[in-house]
Amino acid sequence: MRALYLLLFLVSINVSADAYFPSCFESSTFERNGKKLFITPDDLLNRPNWGLGDGEPPISIGSATEKVMSFLRDKYSVEEVIFAFVHLKSQVCSIDQEMQIVWFYVFAADSPISLVGISMTGRLIEAVE
C-alpha cells in the first residue's frame with residue numbers, strides 16, 4: 001500500500017511539472033510594453049548544444065547587437081538607438097517529457113520603443129502585440 005501512495009505521489013509531481021512548463025510556442029517568452037517575443041520550434045530543434053558554463057554563446061553579443069541595430073535602423077529610419085537593457089534569457093520547455101533549454105538575447109530599446117530578440121540559431125525575433 002505504501003508503494004502505491006509513493007507511485008501516486010511521483011505521478012502527481014510529474015504531471016505538475018509538465019503543467020508548470022507549458023508549450024514554449026504557445027506563451028510568450030518575454031514581454032514589455034504590451035509587446036511579446038515568441039520562440040519557434042526551429043529555435044528549439046536546431047539550437048546549438050550550449051549552456052552557461054560552456055564559454056561564449058554560439059551567437060556573440062556583438063553579432064546579435066549588429067543584427068538588432070540594422071533591423072531597428074531599417075524599420076524605424078533612425079540613426080541612434082537607445083537601449084534600456086539587453087538580457088541573455090533562457091526558456092525551459094517540456095518536450096517529449098524531457099526538459100529542454102532555449103537561450104536567446106532580448107534587446108529592449110527606449111528610443112525607438114521596441115523589443116527584439118535573437119535566437120542562438122541567429123534568427124531575429126520580432127515582437128508582436
# chains A, B, ... in the order shown; residues from 1 in each chain; ligands from 1
>>> residues_around(residues="range 55-67 of chain A", least_positions_apart="6", cutoff="8 Å", atoms="only C-alpha atoms", output="PyMOL selection string")
chain A and resi 48+105+118+120-122+124
>>> write_last_selection(atoms="N, CA and C atoms", output="short mmCIF file (atom, residue, chain, number, x, y, z; two decimals), in the first residue's frame")
data_model
loop_
_atom_site.label_atom_id
_atom_site.label_comp_id
_atom_site.auth_asym_id
_atom_site.auth_seq_id
_atom_site.Cartn_x
_atom_site.Cartn_y
_atom_site.Cartn_z
N PRO A 48 22.03 25.20 -31.09
CA PRO A 48 23.31 24.57 -30.78
C PRO A 48 23.30 24.04 -29.35
N TYR A 105 18.81 36.21 -26.86
CA TYR A 105 19.03 37.57 -26.37
C TYR A 105 17.74 38.35 -26.48
N ILE A 118 17.10 37.73 -30.40
CA ILE A 118 17.95 36.98 -31.33
C ILE A 118 18.11 35.59 -30.73
N MET A 120 19.68 31.66 -30.61
CA MET A 120 21.02 31.12 -30.78
C MET A 120 21.19 30.44 -32.14
N THR A 121 20.10 30.37 -32.91
CA THR A 121 20.21 29.92 -34.30
C THR A 121 20.50 31.11 -35.20
N GLY A 122 20.47 32.34 -34.63
CA GLY A 122 20.72 33.56 -35.39
C GLY A 122 19.48 34.21 -35.94
N LEU A 124 16.28 36.51 -36.05
CA LEU A 124 15.77 37.72 -35.42
C LEU A 124 14.33 37.46 -34.98
#
>>> select_by_dssp(residues="range 42-97 of chain A", states="alpha helix (DSSP H)", output="number ranges by chain")
A: 42-45, 61-76
>>> closest_residue(among="A:Lys36, A:His87, A:Lys75, A:Arg47", to="Ile125 in chain A", atoms="only C-alpha atoms")
A:Lys36
>>> closest_residue(among="A:Val102, A:Ala127, A:Ala84, A:Met69", to="Leu115 in chain A", atoms="only C-alpha atoms")
A:Ala127
>>> atom_distance(atom1="CA of Ser70 in chain A", atom2="CA of Gly53 in chain A")
29.7 Å
>>> atom_distance(atom1="CA of Gln91 in chain A", atom2="CA of Asp54 in chain A")
17.4 Å
>>> closest_residue(among="A:Phe85, A:Phe38, A:Trp50, A:Phe30", to="Ile113 in chain A", atoms="only C-alpha atoms")
A:Phe85
>>> atom_distance(atom1="CA of Asp110 in chain A", atom2="CA of Lys35 in chain A")
12.9 Å
>>> closest_residue(among="A:Ser119, A:Val86, A:Pro41, A:Asn49", to="Val106 in chain A", atoms="only C-alpha atoms")
A:Val86
